[in-house]
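Participant: My structure file input_8.pdb, PDB, C-alpha atoms, is below:
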MODEL        1
ATOM      1  CA  MET A 246      -7.070  16.463 -13.393
ATOM      2  CA  TRP A 247     -10.755  15.767 -14.074
ATOM      3  CA  GLN A 248     -10.175  16.159 -17.817
ATOM      4  CA  ASN A 249      -7.543  13.427 -17.590
ATOM      5  CA  PHE A 250      -9.927  11.157 -15.698
ATOM      6  CA  LYS A 251     -12.657  11.746 -18.269
ATOM      7  CA  LEU A 252     -10.262  10.840 -21.075
ATOM      8  CA  HIS A 253      -9.168   7.686 -19.242
ATOM      9  CA  TRP A 254     -12.769   6.573 -18.742
ATOM     10  CA  LYS A 255     -13.625   7.338 -22.342
ATOM     11  CA  LEU A 256     -10.711   5.119 -23.400
ATOM     12  CA  GLY A 257     -11.867   2.355 -21.036
ATOM     13  CA  ALA A 258      -9.166   2.530 -18.372
ATOM     14  CA  ASP A 259      -9.372  -0.200 -15.730
ATOM     15  CA  VAL A 260      -7.081   1.593 -13.275
ATOM     16  CA  ILE A 261      -6.614   5.254 -12.404
ATOM     17  CA  HIS A 262      -3.198   6.068 -10.931
ATOM     18  CA  ILE A 263      -3.032   8.967  -8.461
ATOM     19  CA  PRO A 264       0.286  10.495  -7.321
ATOM     20  CA  LEU A 265       0.495  11.529  -3.666
ATOM     21  CA  ASP A 266       3.374  13.324  -1.988
ATOM     22  CA  LEU A 267       2.922  12.301   1.628
ATOM     23  CA  CYS A 268       6.039  10.436   2.699
ATOM     24  CA  MET A 269       9.795  10.441   2.560
ATOM     25  CA  LYS A 270      12.184   7.587   3.283
ATOM     26  CA  THR A 271      11.925   8.170   7.044
ATOM     27  CA  GLY A 272       8.124   8.468   7.228
ATOM     28  CA  LEU A 273       5.406  11.052   6.827
ATOM     29  CA  MET A 274       6.262  14.563   5.602
ATOM     30  CA  TYR A 275       3.473  15.960   7.774
ATOM     31  CA  SER A 276       1.818  14.831  10.979
ATOM     32  CA  LYS A 277      -0.867  12.163  10.720
ATOM     33  CA  ALA A 278      -3.392  14.746  11.901
ATOM     34  CA  VAL A 279      -2.515  17.108   9.032
ATOM     35  CA  VAL A 280      -2.640  14.296   6.474
ATOM     36  CA  ARG A 281      -6.009  13.123   7.761
ATOM     37  CA  GLU A 282      -7.479  16.629   7.844
ATOM     38  CA  PHE A 283      -6.141  18.073   4.600
ATOM     39  CA  TYR A 284      -5.300  15.174   2.261
ATOM     40  CA  TYR A 285      -7.763  12.405   2.979
ATOM     41  CA  PRO A 286     -11.039  14.258   2.333
ATOM     42  CA  SER A 287     -10.096  15.165  -1.255
ATOM     43  CA  LEU A 288      -8.508  11.751  -1.824
ATOM     44  CA  GLU A 289     -11.664  10.070  -0.536
ATOM     45  CA  ASN A 290     -13.729  12.167  -2.969
ATOM     46  CA  ILE A 291     -11.489  11.248  -5.915
ATOM     47  CA  ILE A 292     -11.565   7.566  -4.971
ATOM     48  CA  SER A 293     -15.364   7.508  -4.773
ATOM     49  CA  ILE A 294     -15.637   9.081  -8.232
ATOM     50  CA  VAL A 295     -13.119   6.656  -9.743
ATOM     51  CA  LYS A 296     -14.868   3.672  -8.154
ATOM     52  CA  ALA A 297     -18.266   4.949  -9.381
ATOM     53  CA  HIS A 298     -16.841   4.644 -12.906
ATOM     54  CA  GLY A 299     -15.841   1.041 -12.229
ATOM     55  CA  ALA A 300     -12.085   1.569 -12.171
ATOM     56  CA  LEU A 301      -9.517   0.455  -9.631
ATOM     57  CA  VAL A 302      -7.504   3.062  -7.720
ATOM     58  CA  SER A 303      -3.725   2.938  -7.683
ATOM     59  CA  VAL A 304      -1.672   5.426  -5.682
ATOM     60  CA  HIS A 305       1.976   6.358  -5.973
ATOM     61  CA  ILE A 306       3.432   7.269  -2.589
ATOM     62  CA  ASP A 307       7.214   7.446  -2.389
ATOM     63  CA  GLY A 308       8.907   6.729   0.895
ATOM     64  CA  CYS A 309       7.937   4.867   4.026
ATOM     65  CA  ILE A 310       4.177   4.246   4.059
ATOM     66  CA  LYS A 311       4.006   2.034   7.163
ATOM     67  CA  ASP A 312       2.320   4.712   9.268
ATOM     68  CA  ILE A 313      -0.498   5.344   6.794
ATOM     69  CA  ILE A 314      -1.033   2.091   4.891
ATOM     70  CA  GLU A 315      -4.095   1.159   6.967
ATOM     71  CA  ASP A 316      -5.616   4.580   6.265
ATOM     72  CA  ILE A 317      -4.883   4.211   2.546
ATOM     73  CA  ILE A 318      -6.575   0.806   2.504
ATOM     74  CA  ASN A 319      -9.579   2.110   4.446
ATOM     75  CA  LEU A 320      -9.965   4.950   1.937
ATOM     76  CA  GLY A 321     -10.510   2.319  -0.770
ATOM     77  CA  VAL A 322      -7.175   2.209  -2.600
ATOM     78  CA  ASP A 323      -6.659  -1.047  -4.517
ATOM     79  CA  ILE A 324      -2.968  -0.822  -5.519
ATOM     80  CA  ILE A 325      -0.018   0.948  -3.908
ATOM     81  CA  ASN A 326       3.258   1.814  -5.622
ATOM     82  CA  PRO A 327       6.343   1.855  -5.415
ATOM     83  CA  ILE A 328       6.985   0.276  -1.958
ATOM     84  CA  GLU A 329      10.519   1.570  -1.510
ATOM     85  CA  THR A 330      12.814  -0.354   0.830
ATOM     86  CA  CYS A 331      13.685   2.851   2.717
ATOM     87  CA  GLY A 332      17.097   1.652   3.787
ATOM     88  CA  GLY A 333      15.713  -1.639   5.048
ATOM     89  CA  THR A 334      13.043  -0.133   7.310
ATOM     90  CA  GLN A 335      10.121  -1.099   5.058
ATOM     91  CA  ASP A 336       9.802  -4.795   4.229
ATOM     92  CA  ILE A 337       7.375  -5.610   1.417
ATOM     93  CA  TYR A 338       7.097  -9.211   2.604
ATOM     94  CA  GLU A 339       5.948  -8.117   6.067
ATOM     95  CA  LEU A 340       3.553  -5.571   4.556
ATOM     96  CA  SER A 341       2.185  -8.278   2.278
ATOM     97  CA  LYS A 342       1.650 -10.717   5.159
ATOM     98  CA  LYS A 343      -0.226  -8.073   7.110
ATOM     99  CA  TYR A 344      -2.146  -6.277   4.331
ATOM    100  CA  GLY A 345      -1.815  -8.402   1.186
ATOM    101  CA  SER A 346      -5.396  -9.625   1.317
ATOM    102  CA  LYS A 347      -6.598  -6.000   1.273
ATOM    103  CA  ILE A 348      -4.327  -4.282  -1.275
ATOM    104  CA  ALA A 349      -2.045  -5.160  -4.191
ATOM    105  CA  PHE A 350       1.584  -4.076  -4.133
ATOM    106  CA  HIS A 351       3.340  -2.639  -7.184
ATOM    107  CA  GLY A 352       7.109  -2.241  -7.243
ATOM    108  CA  ASN A 353       9.940  -2.805  -4.751
ATOM    109  CA  ILE A 354      12.654  -4.072  -7.109
ATOM    110  CA  SER A 355      15.433  -1.747  -5.950
ATOM    111  CA  VAL A 356      16.773   0.492  -8.700
ATOM    112  CA  TYR A 357      19.967   1.293  -6.824
ATOM    113  CA  ASP A 358      20.786  -1.997  -5.090
ATOM    114  CA  ILE A 359      19.641  -4.437  -7.773
ATOM    115  CA  LEU A 360      19.086  -2.808 -11.144
ATOM    116  CA  VAL A 361      22.062  -0.420 -11.155
ATOM    117  CA  ASN A 362      24.579  -2.340  -9.036
ATOM    118  CA  GLY A 363      23.442  -5.948  -9.380
ATOM    119  CA  THR A 364      24.107  -8.510 -12.069
ATOM    120  CA  PRO A 365      21.460  -9.832 -14.453
ATOM    121  CA  LYS A 366      21.427 -13.045 -12.354
ATOM    122  CA  GLN A 367      20.804 -11.027  -9.158
ATOM    123  CA  VAL A 368      17.958  -9.206 -10.910
ATOM    124  CA  GLU A 369      16.442 -12.536 -11.942
ATOM    125  CA  THR A 370      16.738 -13.904  -8.398
ATOM    126  CA  GLU A 371      15.164 -10.775  -6.887
ATOM    127  CA  VAL A 372      12.223 -10.867  -9.298
ATOM    128  CA  LYS A 373      11.729 -14.608  -8.749
ATOM    129  CA  THR A 374      11.755 -14.152  -4.961
ATOM    130  CA  HIS A 375       9.252 -11.302  -5.134
ATOM    131  CA  ILE A 376       6.891 -13.266  -7.363
ATOM    132  CA  GLU A 377       7.107 -16.441  -5.281
ATOM    133  CA  LYS A 378       6.603 -14.674  -1.948
ATOM    134  CA  LEU A 379       4.008 -12.109  -3.005
ATOM    135  CA  TRP A 380       1.802 -13.512  -5.772
ATOM    136  CA  ASN A 381      -0.627 -15.371  -3.539
ATOM    137  CA  ASN A 382      -1.054 -12.727  -0.815
ATOM    138  CA  GLY A 383      -3.593 -10.714  -2.766
ATOM    139  CA  GLY A 384      -1.645  -9.254  -5.606
ATOM    140  CA  TYR A 385       1.728  -8.126  -6.805
ATOM    141  CA  ILE A 386       2.809  -6.219  -9.894
ATOM    142  CA  VAL A 387       6.518  -6.521 -10.629
ATOM    143  CA  ALA A 388       8.190  -3.140 -11.054
ATOM    144  CA  SER A 389      11.114  -1.132  -9.810
ATOM    145  CA  ASP A 390      10.924   0.961  -6.667
ATOM    146  CA  HIS A 391      11.550   4.114  -8.680
ATOM    147  CA  ASN A 392      11.980   5.395 -12.224
ATOM    148  CA  LEU A 393      14.446   3.652 -14.481
ATOM    149  CA  GLY A 394      17.029   6.209 -15.558
ATOM    150  CA  GLU A 395      19.869   6.111 -17.996
ATOM    151  CA  ASN A 396      22.099   4.722 -15.217
ATOM    152  CA  VAL A 397      20.248   1.371 -15.343
ATOM    153  CA  PRO A 398      22.045  -0.945 -17.784
ATOM    154  CA  LEU A 399      19.778  -2.408 -20.442
ATOM    155  CA  ASP A 400      20.794  -5.972 -19.596
ATOM    156  CA  ARG A 401      19.278  -5.491 -16.088
ATOM    157  CA  ILE A 402      16.027  -4.173 -17.558
ATOM    158  CA  PHE A 403      15.874  -7.131 -19.947
ATOM    159  CA  ALA A 404      16.724  -9.500 -17.070
ATOM    160  CA  MET A 405      13.784  -8.099 -15.076
ATOM    161  CA  ARG A 406      11.441  -8.426 -18.059
ATOM    162  CA  ASP A 407      12.580 -11.973 -18.831
ATOM    163  CA  ALA A 408      12.267 -13.065 -15.189
ATOM    164  CA  VAL A 409       8.717 -11.707 -15.052
ATOM    165  CA  HIS A 410       7.764 -13.754 -18.115
ATOM    166  CA  CYS A 411       9.493 -16.875 -16.810
ATOM    167  CA  TYR A 412       8.371 -16.904 -13.184
ATOM    168  CA  SER A 413       4.944 -15.296 -13.391
ATOM    169  CA  SER A 414       3.768 -17.966 -15.808
ATOM    170  CA  ALA A 415       5.200 -20.661 -13.503
ATOM    171  CA  VAL A 416       3.296 -19.466 -10.413
ATOM    172  CA  SER A 417       0.077 -18.880 -12.341
ATOM    173  CA  LYS A 418       0.014 -22.606 -13.153
ATOM    174  CA  LYS A 419       0.135 -23.577  -9.451
TER     175      LYS A 419
ENDMDL
END
Once more with this new file: its structure as structure tokens, please.
Facilitator:
Amino acid sequence: MWQNFKLHWKLGADVIHIPLDLCMKTGLMYSKAVVREFYYPSLENIISIVKAHGALVSVHIDGCIKDIIEDIINLGVDIINPIETCGGTQDIYELSKKYGSKIAFHGNISVYDILVNGTPKQVETEVKTHIEKLWNNGGYIVASDHNLGENVPLDRIFAMRDAVHCYSSAVSKK
């Protein structure tokens, strides 16, 4: 891992992305006490080293992060991804209202509901809504809530890309 970080810094990376397996769609995989005792100390060490090199810290935590988002913010994380909807139990708009001034959100465009099963127009509407509701709360990076597989039709991917270009430039002029 450290070799990768060194390469990133040598190449001038602005953001270091750290994967964490802490949650599932229903919440934490482990108790909060276990996460705080065994995960946070090493994460805190990594974050301090990344920040000492002048980079931002992005973490990838699948699943429902509601129970640990305050801890993640307090550890010094700048960006959190992918903000899954978790069957409707995790609302990015509510998270943004509560924590948006402290952390940027990255993701939340549903692969299954929108990109696989939606129309290009539904994709455009979803991206537009996310940009309009989230851009001024501290930061939002448009992305899907999970990897794009071969089951995602290309026209939905292009619709997401085109909507980002259209609506992000519109809000940046406000």
Participant: Between CA of Lys311 (chain A) and CA of Leu393 (chain A), what is the spacing in Å?
Facilitator: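 Straight-line distance from CA of Leu393 (chain A) to CA of Lys311 (chain A) works out to 24.1 Å.
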Participant: At a cut-off of 8 Å, using all atoms listed in the file, what residues contact His391 (chain A)? Leave out same-chain residues fewer than 5 positions from it and give the result as an MDAnalysis selection string.
Facilitator: chainID A and resid 327 329 352 355:356
Participant: In Å, rounded to a single decimal, give me how far CA of Asn382 (chain A) is from CA of Ile263 (chain A).
Facilitator: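 Result for CA of Ile263 (chain A) versus CA of Asn382 (chain A): 23.1 Å, one decimal.
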Participant: The PyMOL selection byres ((chain A and resi 371) around 10) on the file shown: which residues, as a list in words?
Facilitator: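 With the shown file as input, the PyMOL selection byres ((chain A and resi 371) around 10) matches Asn353, Ile354, Ser355, Ile359, Leu360, Gly363, Pro365, Lys366, Gln367, Val368, Glu369, Thr370, Val372, Lys373, Thr374, His375, Ile376, Glu377, Met405 and Ala408 of chain A.
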Participant: When the PyMOL selection byres ((chain A and resi 378-381) around 12) is applied to the file above, which residues end up in the set, as number ranges by chain?
Facilitator: A: 336-346, 348-353, 371-377, 382-387, 409, 412-419
Participant: Give me a file of those residues, with C-alpha atoms, as a JSON list (two decimals), keeping the file's coordinate frame.
Facilitator:
[["chain", "number", "residue", "atom", "x", "y", "z"],
["A", 336, "ASP", "CA", 9.80, -4.80, 4.23],
["A", 337, "ILE", "CA", 7.38, -5.61, 1.42],
["A", 338, "TYR", "CA", 7.10, -9.21, 2.60],
["A", 339, "GLU", "CA", 5.95, -8.12, 6.07],
["A", 340, "LEU", "CA", 3.55, -5.57, 4.56],
["A", 341, "SER", "CA", 2.18, -8.28, 2.28],
["A", 342, "LYS", "CA", 1.65, -10.72, 5.16],
["A", 343, "LYS", "CA", -0.23, -8.07, 7.11],
["A", 344, "TYR", "CA", -2.15, -6.28, 4.33],
["A", 345, "GLY", "CA", -1.82, -8.40, 1.19],
["A", 346, "SER", "CA", -5.40, -9.62, 1.32],
["A", 348, "ILE", "CA", -4.33, -4.28, -1.27],
["A", 349, "ALA", "CA", -2.04, -5.16, -4.19],
["A", 350, "PHE", "CA", 1.58, -4.08, -4.13],
["A", 351, "HIS", "CA", 3.34, -2.64, -7.18],
["A", 352, "GLY", "CA", 7.11, -2.24, -7.24],
["A", 353, "ASN", "CA", 9.94, -2.80, -4.75],
["A", 371, "GLU", "CA", 15.16, -10.78, -6.89],
["A", 372, "VAL", "CA", 12.22, -10.87, -9.30],
["A", 373, "LYS", "CA", 11.73, -14.61, -8.75],
["A", 374, "THR", "CA", 11.76, -14.15, -4.96],
["A", 375, "HIS", "CA", 9.25, -11.30, -5.13],
["A", 376, "ILE", "CA", 6.89, -13.27, -7.36],
["A", 377, "GLU", "CA", 7.11, -16.44, -5.28],
["A", 382, "ASN", "CA", -1.05, -12.73, -0.82],
["A", 383, "GLY", "CA", -3.59, -10.71, -2.77],
["A", 384, "GLY", "CA", -1.64, -9.25, -5.61],
["A", 385, "TYR", "CA", 1.73, -8.13, -6.80],
["A", 386, "ILE", "CA", 2.81, -6.22, -9.89],
["A", 387, "VAL", "CA", 6.52, -6.52, -10.63],
["A", 409, "VAL", "CA", 8.72, -11.71, -15.05],
["A", 412, "TYR", "CA", 8.37, -16.90, -13.18],
["A", 413, "SER", "CA", 4.94, -15.30, -13.39],
["A", 414, "SER", "CA", 3.77, -17.97, -15.81],
["A", 415, "ALA", "CA", 5.20, -20.66, -13.50],
["A", 416, "VAL", "CA", 3.30, -19.47, -10.41],
["A", 417, "SER", "CA", 0.08, -18.88, -12.34],
["A", 418, "LYS", "CA", 0.01, -22.61, -13.15],
["A", 419, "LYS", "CA", 0.14, -23.58, -9.45]]
Participant: Any chance you could work out the residue set of the PyMOL selection byres ((chain A and resi 277) around 12) here, as a PyMOL selection string?
Facilitator: chain A and resi 267-268+272-276+278-285+310-314+316
Participant: As a list in words, please: the residues near region 294-304 of chain A (cut-off 8 Å, only C-alpha atoms, same-chain neighbours under 3 positions excluded).
Facilitator: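 Near neighbours after the sequence-gap exclusion: Trp254, Ala258, Asp259, Val260, Ile261, His262, Ile263, Pro264, Leu265, Asn290, Ile291, Gly321, Val322, Asp323, Ile324, Ile325 and Asn326 of chain A.
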Participant: Which is closest to Asn362 (chain A) among A:Ser287, A:Asn396, A:Gln248, A:Thr330, if we use all atoms listed in the file?
Facilitator: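 Selected residue with least distance to Asn362 (chain A): A:Asn396.
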Participant: Please measure the separation of CA of Met269 (chain A) and CA of Gly332 (chain A), giving the value in Å to one decimal.
Facilitator: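 These atoms are spaced 11.5 Å apart.
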Participant: Check the smallest atom-to-atom distance from each of A:Ile292, A:Gly333, A:Lys270, A:Lys347 to Cys309 (chain A) using all atoms listed in the file, then report the winner.
Facilitator: A:Lys270
